[in-house]
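Next comes target19.txt, a file with compact mmCIF, C-alpha atoms and all ligand atoms.
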```txt
# COMPACT_ATOMS: atom_id res chain seq x y z
CA MET A 1 89.33 72.45 97.17
CA TRP A 2 87.01 74.93 95.48
CA HIS A 3 88.35 77.71 97.70
CA GLN A 4 91.95 76.83 96.85
CA ALA A 5 91.21 76.90 93.14
CA GLN A 6 89.41 80.21 93.56
CA ALA A 7 92.30 81.69 95.56
CA SER A 8 94.87 80.70 92.96
CA LEU A 9 92.67 82.05 90.15
CA PHE A 10 92.39 85.29 92.11
CA ARG A 11 96.18 85.51 92.50
CA GLU A 12 96.65 84.87 88.81
CA PHE A 13 94.31 87.61 87.65
CA ALA A 14 94.48 90.13 90.48
CA VAL A 15 96.50 93.28 89.91
CA LEU A 16 99.45 93.11 92.28
CA ALA A 17 100.10 96.27 94.26
CA ARG A 18 103.29 98.07 93.27
CA PRO A 19 104.93 101.22 94.73
CA PHE A 20 102.85 104.13 93.45
CA LEU A 21 105.65 106.70 93.89
CA LYS A 22 109.17 106.76 92.49
CA TRP A 23 111.34 107.08 95.55
CA ALA A 24 115.08 107.53 95.91
CA GLY A 25 116.52 104.38 97.44
CA GLY A 26 113.59 102.24 96.21
CA LYS A 27 114.20 98.63 97.13
CA GLY A 28 112.70 96.92 94.05
CA GLN A 29 116.10 95.67 92.99
CA LEU A 30 117.20 94.37 96.36
CA LEU A 31 113.97 92.43 96.97
CA PRO A 32 115.37 88.93 96.32
CA GLU A 33 118.16 89.57 98.84
CA LEU A 34 115.73 90.95 101.41
CA THR A 35 113.05 88.28 101.07
CA ARG A 36 115.67 85.54 101.37
CA ARG A 37 116.54 86.94 104.79
CA LEU A 38 113.05 87.24 106.22
CA PRO A 39 112.44 85.36 109.44
CA ARG A 40 110.52 82.11 109.01
CA GLN A 41 107.56 83.59 110.84
CA PHE A 42 106.75 86.96 112.28
CA ARG A 43 103.78 88.75 113.75
CA ARG A 44 103.22 92.41 112.83
CA TYR A 45 105.38 94.10 110.19
CA HIS A 46 106.84 97.60 110.78
CA GLU A 47 108.55 99.74 108.16
CA PRO A 48 109.65 103.04 109.79
CA PHE A 49 111.34 104.53 106.66
CA VAL A 50 108.67 103.44 104.25
CA GLY A 51 109.46 105.61 101.19
CA GLY A 52 108.08 103.78 98.13
CA GLY A 53 107.39 100.70 100.27
CA ALA A 54 108.72 98.02 97.87
CA LEU A 55 109.15 95.34 100.56
CA PHE A 56 105.76 96.10 102.11
CA PHE A 57 103.99 95.59 98.77
CA HIS A 58 105.88 92.39 98.13
CA LEU A 59 104.80 91.01 101.51
CA ALA A 60 101.20 92.16 101.04
CA ASN A 61 101.00 90.54 97.58
CA ASN A 62 102.24 87.26 99.02
CA GLY A 63 99.80 87.17 101.94
CA ASN A 64 102.56 87.59 104.54
CA LEU A 65 100.90 90.32 106.58
CA ARG A 66 98.22 88.35 108.36
CA GLU A 67 98.80 90.21 111.65
CA GLY A 68 98.87 93.63 109.99
CA ALA A 69 101.49 96.26 109.38
CA VAL A 70 102.55 99.71 110.51
CA LEU A 71 104.09 102.02 107.90
CA SER A 72 105.70 105.28 108.90
CA ASP A 73 108.05 107.94 107.64
CA SER A 74 109.00 111.45 108.73
CA ASN A 75 107.84 112.91 105.38
CA ALA A 76 104.36 114.37 105.97
CA GLU A 77 103.40 114.63 102.29
CA LEU A 78 104.43 111.04 101.61
CA ILE A 79 102.43 109.74 104.57
CA LEU A 80 99.39 111.75 103.54
CA CYS A 81 99.55 110.03 100.12
CA TYR A 82 99.45 106.59 101.75
CA GLN A 83 96.53 107.60 103.96
CA VAL A 84 94.54 109.06 101.06
CA VAL A 85 95.20 106.03 98.83
CA ARG A 86 93.95 103.81 101.67
CA ASP A 87 90.89 105.87 102.61
CA ASP A 88 89.78 107.84 99.54
CA VAL A 89 91.15 106.20 96.42
CA THR A 90 88.21 107.03 94.11
CA ALA A 91 88.47 110.77 94.81
CA LEU A 92 92.25 110.59 94.42
CA ILE A 93 91.95 108.94 91.00
CA ALA A 94 89.52 111.68 89.90
CA ALA A 95 91.92 114.41 91.10
CA LEU A 96 94.86 112.80 89.27
CA GLN A 97 92.82 112.54 86.10
CA GLU A 98 92.30 116.30 86.26
CA HIS A 99 96.08 116.87 86.40
CA THR A 100 96.89 114.40 83.63
CA PRO A 101 96.21 116.58 80.53
CA HIS A 102 98.71 119.18 81.82
CA PHE A 103 101.74 116.89 82.03
CA LYS A 104 103.67 118.77 79.29
CA ASP A 105 103.12 122.25 80.72
CA PRO A 106 106.01 123.58 82.87
CA ASP A 107 103.90 126.58 83.99
CA TYR A 108 101.15 124.29 85.26
CA PHE A 109 103.82 122.20 87.06
CA ARG A 110 105.27 125.32 88.72
CA GLU A 111 101.82 126.51 89.75
CA ILE A 112 101.02 123.17 91.45
CA ARG A 113 104.51 123.03 92.98
CA SER A 114 104.07 126.52 94.46
CA TRP A 115 101.11 125.53 96.69
CA ASP A 116 103.45 124.88 99.61
CA ARG A 117 104.67 128.47 99.45
CA ARG A 118 101.23 129.77 100.40
CA SER A 119 99.83 130.18 103.87
CA ASP A 120 96.70 128.07 103.20
CA PHE A 121 98.68 124.96 102.27
CA ALA A 122 98.09 123.17 105.58
CA GLN A 123 94.33 123.72 105.26
CA ARG A 124 94.04 122.31 101.74
CA ASP A 125 91.96 119.22 101.11
CA PRO A 126 94.03 116.05 101.79
CA VAL A 127 92.96 114.49 98.47
CA ALA A 128 94.16 117.57 96.54
CA LYS A 129 97.47 117.55 98.46
CA ALA A 130 98.05 113.84 97.81
CA ALA A 131 97.21 114.26 94.10
CA ARG A 132 99.70 117.16 93.99
CA THR A 133 102.47 115.01 95.48
CA ILE A 134 101.83 112.15 93.03
CA PHE A 135 101.58 114.55 90.07
CA LEU A 136 104.87 116.27 91.03
CA ASN A 137 106.53 112.90 91.64
CA ARG A 138 105.62 111.77 88.12
CA THR A 139 106.50 114.99 86.31
CA CYS A 140 109.50 116.41 88.19
CA TYR A 141 113.13 115.75 87.30
CA ASN A 142 114.00 112.14 88.13
CA GLY A 143 111.01 111.83 90.46
CA LEU A 144 113.24 113.28 93.14
CA TYR A 145 111.59 114.52 96.33
CA ARG A 146 113.71 117.52 97.26
CA VAL A 147 112.84 120.44 99.49
CA ASN A 148 114.64 123.65 100.41
CA LYS A 149 115.46 124.82 103.95
CA LYS A 150 111.88 126.06 104.38
CA GLY A 151 110.55 122.63 103.47
CA GLN A 152 109.28 123.81 100.06
CA PHE A 153 109.39 121.38 97.16
CA ASN A 154 111.98 122.61 94.67
CA THR A 155 112.77 119.83 92.16
CA PRO A 156 112.54 121.26 88.61
CA PHE A 157 110.22 120.11 85.82
CA GLY A 158 111.22 116.77 84.25
CA TYR A 159 110.09 117.16 80.61
CA TYR A 160 108.86 113.56 80.35
CA LYS A 161 107.29 112.50 77.04
CA ASN A 162 104.58 110.28 78.47
CA PRO A 163 104.58 110.06 82.27
CA LEU A 164 102.09 107.70 83.92
CA ILE A 165 100.33 110.08 86.28
CA CYS A 166 97.26 108.05 87.11
CA ASP A 167 97.23 104.25 87.22
CA PRO A 168 93.75 103.46 88.61
CA ALA A 169 94.23 99.67 88.69
CA ASN A 170 97.43 99.92 90.72
CA LEU A 171 96.03 102.62 93.02
CA ARG A 172 93.03 100.39 93.79
CA ALA A 173 95.33 97.39 94.42
CA VAL A 174 97.47 99.54 96.71
CA SER A 175 94.36 100.76 98.53
CA ALA A 176 93.26 97.16 99.11
CA ALA A 177 96.73 96.21 100.37
CA LEU A 178 96.67 99.12 102.84
CA GLN A 179 93.28 98.38 104.41
CA GLN A 180 94.64 96.62 107.54
CA THR A 181 97.61 98.95 107.80
CA GLU A 182 98.35 101.66 110.33
CA ILE A 183 100.01 104.65 108.61
CA ARG A 184 101.76 107.34 110.64
CA GLN A 185 104.03 110.31 110.21
CA SER A 186 106.73 109.74 112.80
CA ASP A 187 110.39 109.60 113.56
CA PHE A 188 111.81 106.08 113.23
CA ALA A 189 112.51 105.82 116.99
CA GLU A 190 108.76 105.75 117.69
CA VAL A 191 108.74 102.16 116.47
CA LEU A 192 109.94 101.39 120.01
CA GLU A 193 106.49 102.31 121.29
CA ARG A 194 104.77 99.92 118.88
CA ALA A 195 106.90 96.86 118.14
CA ARG A 196 106.24 93.73 120.23
CA PRO A 197 108.17 90.45 120.60
CA GLY A 198 107.86 88.43 117.41
CA ASP A 199 107.21 91.49 115.22
CA LEU A 200 109.45 92.19 112.23
CA VAL A 201 110.97 95.65 111.80
CA TYR A 202 112.64 96.52 108.50
CA PHE A 203 114.79 99.68 108.51
CA ASP A 204 115.76 101.26 105.20
CA PRO A 205 117.22 104.60 106.29
CA PRO A 206 118.63 107.29 104.01
CA TYR A 207 121.93 105.72 103.05
CA ASP A 208 125.26 106.79 104.43
CA PRO A 209 126.67 108.57 101.34
CA VAL A 210 129.35 106.61 99.49
CA SER A 211 130.81 109.91 98.28
CA ALA A 212 130.13 113.58 98.89
CA THR A 213 128.13 113.89 95.63
CA ALA A 214 126.14 110.68 96.08
CA SER A 215 124.09 111.96 99.00
CA PHE A 216 120.34 111.49 98.67
CA THR A 217 119.67 112.49 102.25
CA HIS A 218 117.52 115.55 101.48
CA TYR A 219 114.24 113.61 101.58
CA THR A 220 112.76 116.03 104.10
CA ASP A 221 113.98 119.35 105.43
CA GLN A 222 116.03 117.35 107.98
CA HIS A 223 119.34 115.80 107.01
CA PHE A 224 120.08 112.27 108.12
CA SER A 225 123.43 112.83 109.77
CA VAL A 226 126.01 110.46 111.20
CA ASP A 227 124.43 111.07 114.61
CA GLU A 228 121.11 109.88 113.18
CA GLN A 229 122.81 106.73 111.89
CA ARG A 230 124.19 106.16 115.41
CA ARG A 231 120.77 106.78 116.99
CA LEU A 232 119.36 104.16 114.62
CA VAL A 233 121.86 101.55 115.85
CA GLU A 234 120.64 102.19 119.40
CA VAL A 235 117.01 101.71 118.37
CA PHE A 236 118.00 98.56 116.46
CA ASN A 237 119.66 97.13 119.60
CA GLN A 238 116.74 98.01 121.88
CA LEU A 239 114.30 96.26 119.56
CA VAL A 240 116.47 93.14 119.52
CA GLU A 241 116.62 93.13 123.34
CA ARG A 242 112.82 93.23 123.41
CA GLY A 243 112.49 90.22 121.12
CA SER A 244 111.59 91.78 117.76
CA TYR A 245 113.20 90.57 114.53
CA VAL A 246 115.13 93.41 112.92
CA MET A 247 116.45 93.68 109.37
CA LEU A 248 118.25 96.76 108.01
CA SER A 249 119.76 97.83 104.71
CA ASN A 250 122.30 100.59 104.16
CA SER A 251 125.17 101.41 101.86
CA HIS A 252 128.35 99.50 102.60
CA THR A 253 130.87 102.10 103.75
CA GLN A 254 133.62 102.15 106.31
CA PHE A 255 131.27 104.00 108.66
CA THR A 256 128.35 101.52 108.37
CA ARG A 257 130.79 98.61 108.72
CA GLU A 258 131.95 100.13 112.00
CA LEU A 259 128.37 100.79 113.13
CA TYR A 260 127.25 97.19 112.60
CA HIS A 261 130.54 95.35 113.20
CA ALA A 262 129.14 93.63 116.28
CA MET A 263 126.25 92.03 114.36
CA PRO A 264 127.00 88.46 113.37
CA LEU A 265 124.66 88.58 110.37
CA ALA A 266 125.78 91.44 108.19
CA ASP A 267 126.07 90.54 104.53
CA ILE A 268 127.45 92.57 101.66
CA VAL A 269 125.32 92.39 98.51
CA HIS A 270 125.69 94.08 95.13
CA ALA A 271 123.14 96.39 93.54
CA SER A 272 123.10 98.57 90.46
CA ARG A 273 122.35 102.09 91.61
CA LYS A 274 122.33 105.68 90.56
CA ILE A 275 125.71 106.76 91.78
CA ASN A 276 125.53 110.51 91.43
CA CYS A 277 122.89 113.06 92.23
CA ASN A 278 121.77 113.78 88.66
CA GLY A 279 120.77 110.12 88.48
CA LYS A 280 122.30 109.49 85.06
CA LYS A 281 125.32 107.46 86.04
CA ARG A 282 124.68 103.94 87.29
CA GLY A 283 127.16 101.53 88.72
CA SER A 284 127.45 98.42 90.85
CA VAL A 285 127.60 99.40 94.50
CA GLU A 286 127.96 97.36 97.64
CA GLU A 287 125.09 97.41 100.10
CA LEU A 288 124.89 96.04 103.59
CA ILE A 289 122.01 93.91 104.90
CA VAL A 290 122.03 93.35 108.65
CA CYS A 291 119.74 90.87 110.42
CA SER A 292 119.36 90.45 114.16
CA TYR A 293 118.32 86.79 113.93
CA GLN A 294 119.76 83.50 112.70
CA SER A 295 116.78 81.47 111.62
CA TYR A 296 115.90 82.95 108.31
CA GLN A 297 115.41 80.61 105.44
CA SER A 298 115.43 81.26 101.74
CA GLY A 299 112.01 81.21 100.11
CA THR A 300 110.02 80.07 103.17
CA ASN A 301 107.22 81.87 104.97
CA GLY A 302 105.30 81.73 101.70
CA VAL A 303 107.59 84.46 100.43
CA LYS A 304 108.61 84.08 96.82
CA PRO A 305 111.98 85.67 96.22
C1 LIG A 401 115.91 105.07 101.59
S1 LIG A 401 114.36 105.87 101.76
C2 LIG A 401 113.34 104.46 101.92
C3 LIG A 401 113.17 103.72 100.61
C4 LIG A 401 112.08 102.63 100.65
N1 LIG A 401 112.47 101.47 101.41
C5 LIG A 401 111.66 102.22 99.23
O1 LIG A 401 111.67 101.02 98.89
O2 LIG A 401 111.31 103.11 98.46
C6 LIG A 401 114.47 106.62 103.33
C7 LIG A 401 113.19 107.27 103.90
O3 LIG A 401 113.50 107.70 105.22
C8 LIG A 401 112.69 108.84 105.54
N2 LIG A 401 113.29 109.49 106.73
C9 LIG A 401 114.36 110.33 106.82
N3 LIG A 401 114.62 110.64 108.11
C10 LIG A 401 113.70 109.98 108.87
C11 LIG A 401 113.45 109.87 110.27
N4 LIG A 401 114.21 110.52 111.18
N5 LIG A 401 112.43 109.09 110.70
C12 LIG A 401 111.64 108.43 109.79
N6 LIG A 401 111.82 108.49 108.45
C13 LIG A 401 112.84 109.24 107.98
C14 LIG A 401 112.70 109.63 104.26
O4 LIG A 401 111.58 110.50 104.21
C15 LIG A 401 112.67 108.51 103.19
O5 LIG A 401 111.35 108.26 102.76
```
How does this structure look as structure tokens?
Ligand SMILES: C[S@@+](CC[C@H](N)C(=O)[O-])C[C@H]1O[C@@H](n2cnc3c(N)ncnc32)[C@H](O)[C@@H]1O
Amino acid sequence: MWHQAQASLFREFAVLARPFLKWAGGKGQLLPELTRRLPRQFRRYHEPFVGGGALFFHLANNGNLREGAVLSDSNAELILCYQVVRDDVTALIAALQEHTPHFKDPDYFREIRSWDRRSDFAQRDPVAKAARTIFLNRTCYNGLYRVNKKGQFNTPFGYYKNPLICDPANLRAVSAALQQTEIRQSDFAEVLERARPGDLVYFDPPYDPVSATASFTHYTDQHFSVDEQRRLVEVFNQLVERGSYVMLSNSHTQFTRELYHAMPLADIVHASRKINCNGKKRGSVEELIVCSYQSYQSGTNGVKP
């Protein structure tokens, strides 16, 4: 009884972990649709295109990750941020606090951005590199992670009036949420080496572009082509054959409809999204959520939609 009261008090006053990076394709908005489709029970949770990790944080906040989680992404700088937040959050907060006073200075921004053009970049301290990524994410135009063909960050300065560069309470909450979590830089197909029967895999790949100008597929120096989308369907099917639960979101286009036409549980949902690459225009777009399993139930599994 006392423990229950203490646990609910803790939930009431604890800072809930939220995505600590702005990330194109962030799933904050689609969360009610995703949580409604979670399987009733699952073992380990895998998110192979983690990005900002909105669904992961939702599950962590609700105590749904009792058997742990594996987060991965092909973006090395992003993954380093997660690892540093998990393992060295105090030093990261101190490094971000050093950047904070310079948020209005485009020259300072360009200087920090240029680190990856120098030969010693790989040898730099992981905390300094993670602080750089978070600082750039908060001060660059639209928070867009964009790199050139050489893999060098090239989003311009954002001219924000008051960007939140360091949020110590959230970073500490995120660090706590990540403690039992494996974090890896890897291609999505490597989930096949890790997922076991009863595990849940959530795929949120770079979306198939709804129009030529709506493409946000430059997250890393690799494009996510139609062949990649096809390779993902194969991985999806192999996981299902092995007994994992698989959920996937993508844009709803003729191509994705064809890719997933054989799946009995593919629902079209509506979301308000940035619909062009300068991020100013928003509109209602159709998205596709595909599940490999039947037995999901709204609001169960302790998951609050
Ligand atoms: C749509 S975003 C994920 C958004 C995330 N669910 C959120 O809530 O913010 C897609 C992610 O896929 C990653 N990515 C692109 N190609 C990949 C690949 N081949 N393997 C793993 N991750 C990849 C990108 O770096 C990007 O972080």
If you count all atoms listed in the file, which residues fall within 8 Å of Gly53 of chain A, apart from same-chain ones fewer than 2 positions away, as a PyMOL selection string? chain A and resi 19+26-27+50-51+55-57
Keeping only C-alpha atoms, write the selected residues as a short mmCIF file (atom, residue, chain, number, x, y, z; two decimals), in the coordinates of the input.
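Once everything was written out, this is again_14.cif:
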```
data_model
loop_
_atom_site.label_atom_id
_atom_site.label_comp_id
_atom_site.auth_asym_id
_atom_site.auth_seq_id
_atom_site.Cartn_x
_atom_site.Cartn_y
_atom_site.Cartn_z
CA PRO A 19 104.93 101.22 94.73
CA GLY A 26 113.59 102.24 96.21
CA LYS A 27 114.20 98.63 97.13
CA VAL A 50 108.67 103.44 104.25
CA GLY A 51 109.46 105.61 101.19
CA LEU A 55 109.15 95.34 100.56
CA PHE A 56 105.76 96.10 102.11
CA PHE A 57 103.99 95.59 98.77
#
```
Measuring between only C-alpha atoms, which one of A:Asn64, A:Gln83, A:Ser114, A:Thr35 shows the shortest distance to Thr181 of chain A? A:Gln83
With all atoms of ligand LIG 401 (chain A) from the file as input, state the centre and edge lengths in Å to one decimal of the axis-aligned box that has 6 Å extra on each side, as JSON.
```
{"center_x": 113.6, "center_y": 105.8, "center_z": 104.8, "size_x": 16.6, "size_y": 21.6, "size_z": 24.7}
```
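Proximity of A:Tyr207, A:Phe153, A:Phe49, A:Tyr293 to Arg184 of chain A, computed with all atoms listed in the file, is greatest for A:Phe49.
Around ligand LIG 401 (chain A), the neighbouring residues within 7 Å, taking only C-alpha atoms and all ligand atoms, come to Trp23, Ala24, Gly25, Gly26, Lys27, Gly28, Pro48, Phe49, Val50, Gly51, Gly52, Gly53, Ala54, Leu55, Ser72, Asp73, Ser74, Asn75, Ser186, Asp187, Phe188, Asp204, Pro205, Pro206, Tyr207, Tyr219, Thr220, Gln222 and Phe224 of chain A.
Atom CA of Phe203 of chain A lies 26.1 Å from atom CA of Leu136 of chain A.
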Report as a PyMOL selection string all protein, DNA and RNA residues lying within 10 Å of Ala169 of chain A, evaluated on only C-alpha atoms, omitting residues in the same chain fewer than 2 positions from it. chain A and resi 14-17+93+166-167+171-175
Spatial neighbours of Ser251 of chain A, max dist 9 Å, only C-alpha atoms, sep filter under 6 positions, as a count of residues only: 9
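Nearest residue to Pro106 of chain A among A:Asn250, A:Gln152, A:Ser272, A:Thr139 is A:Thr139, counting all atoms listed in the file.
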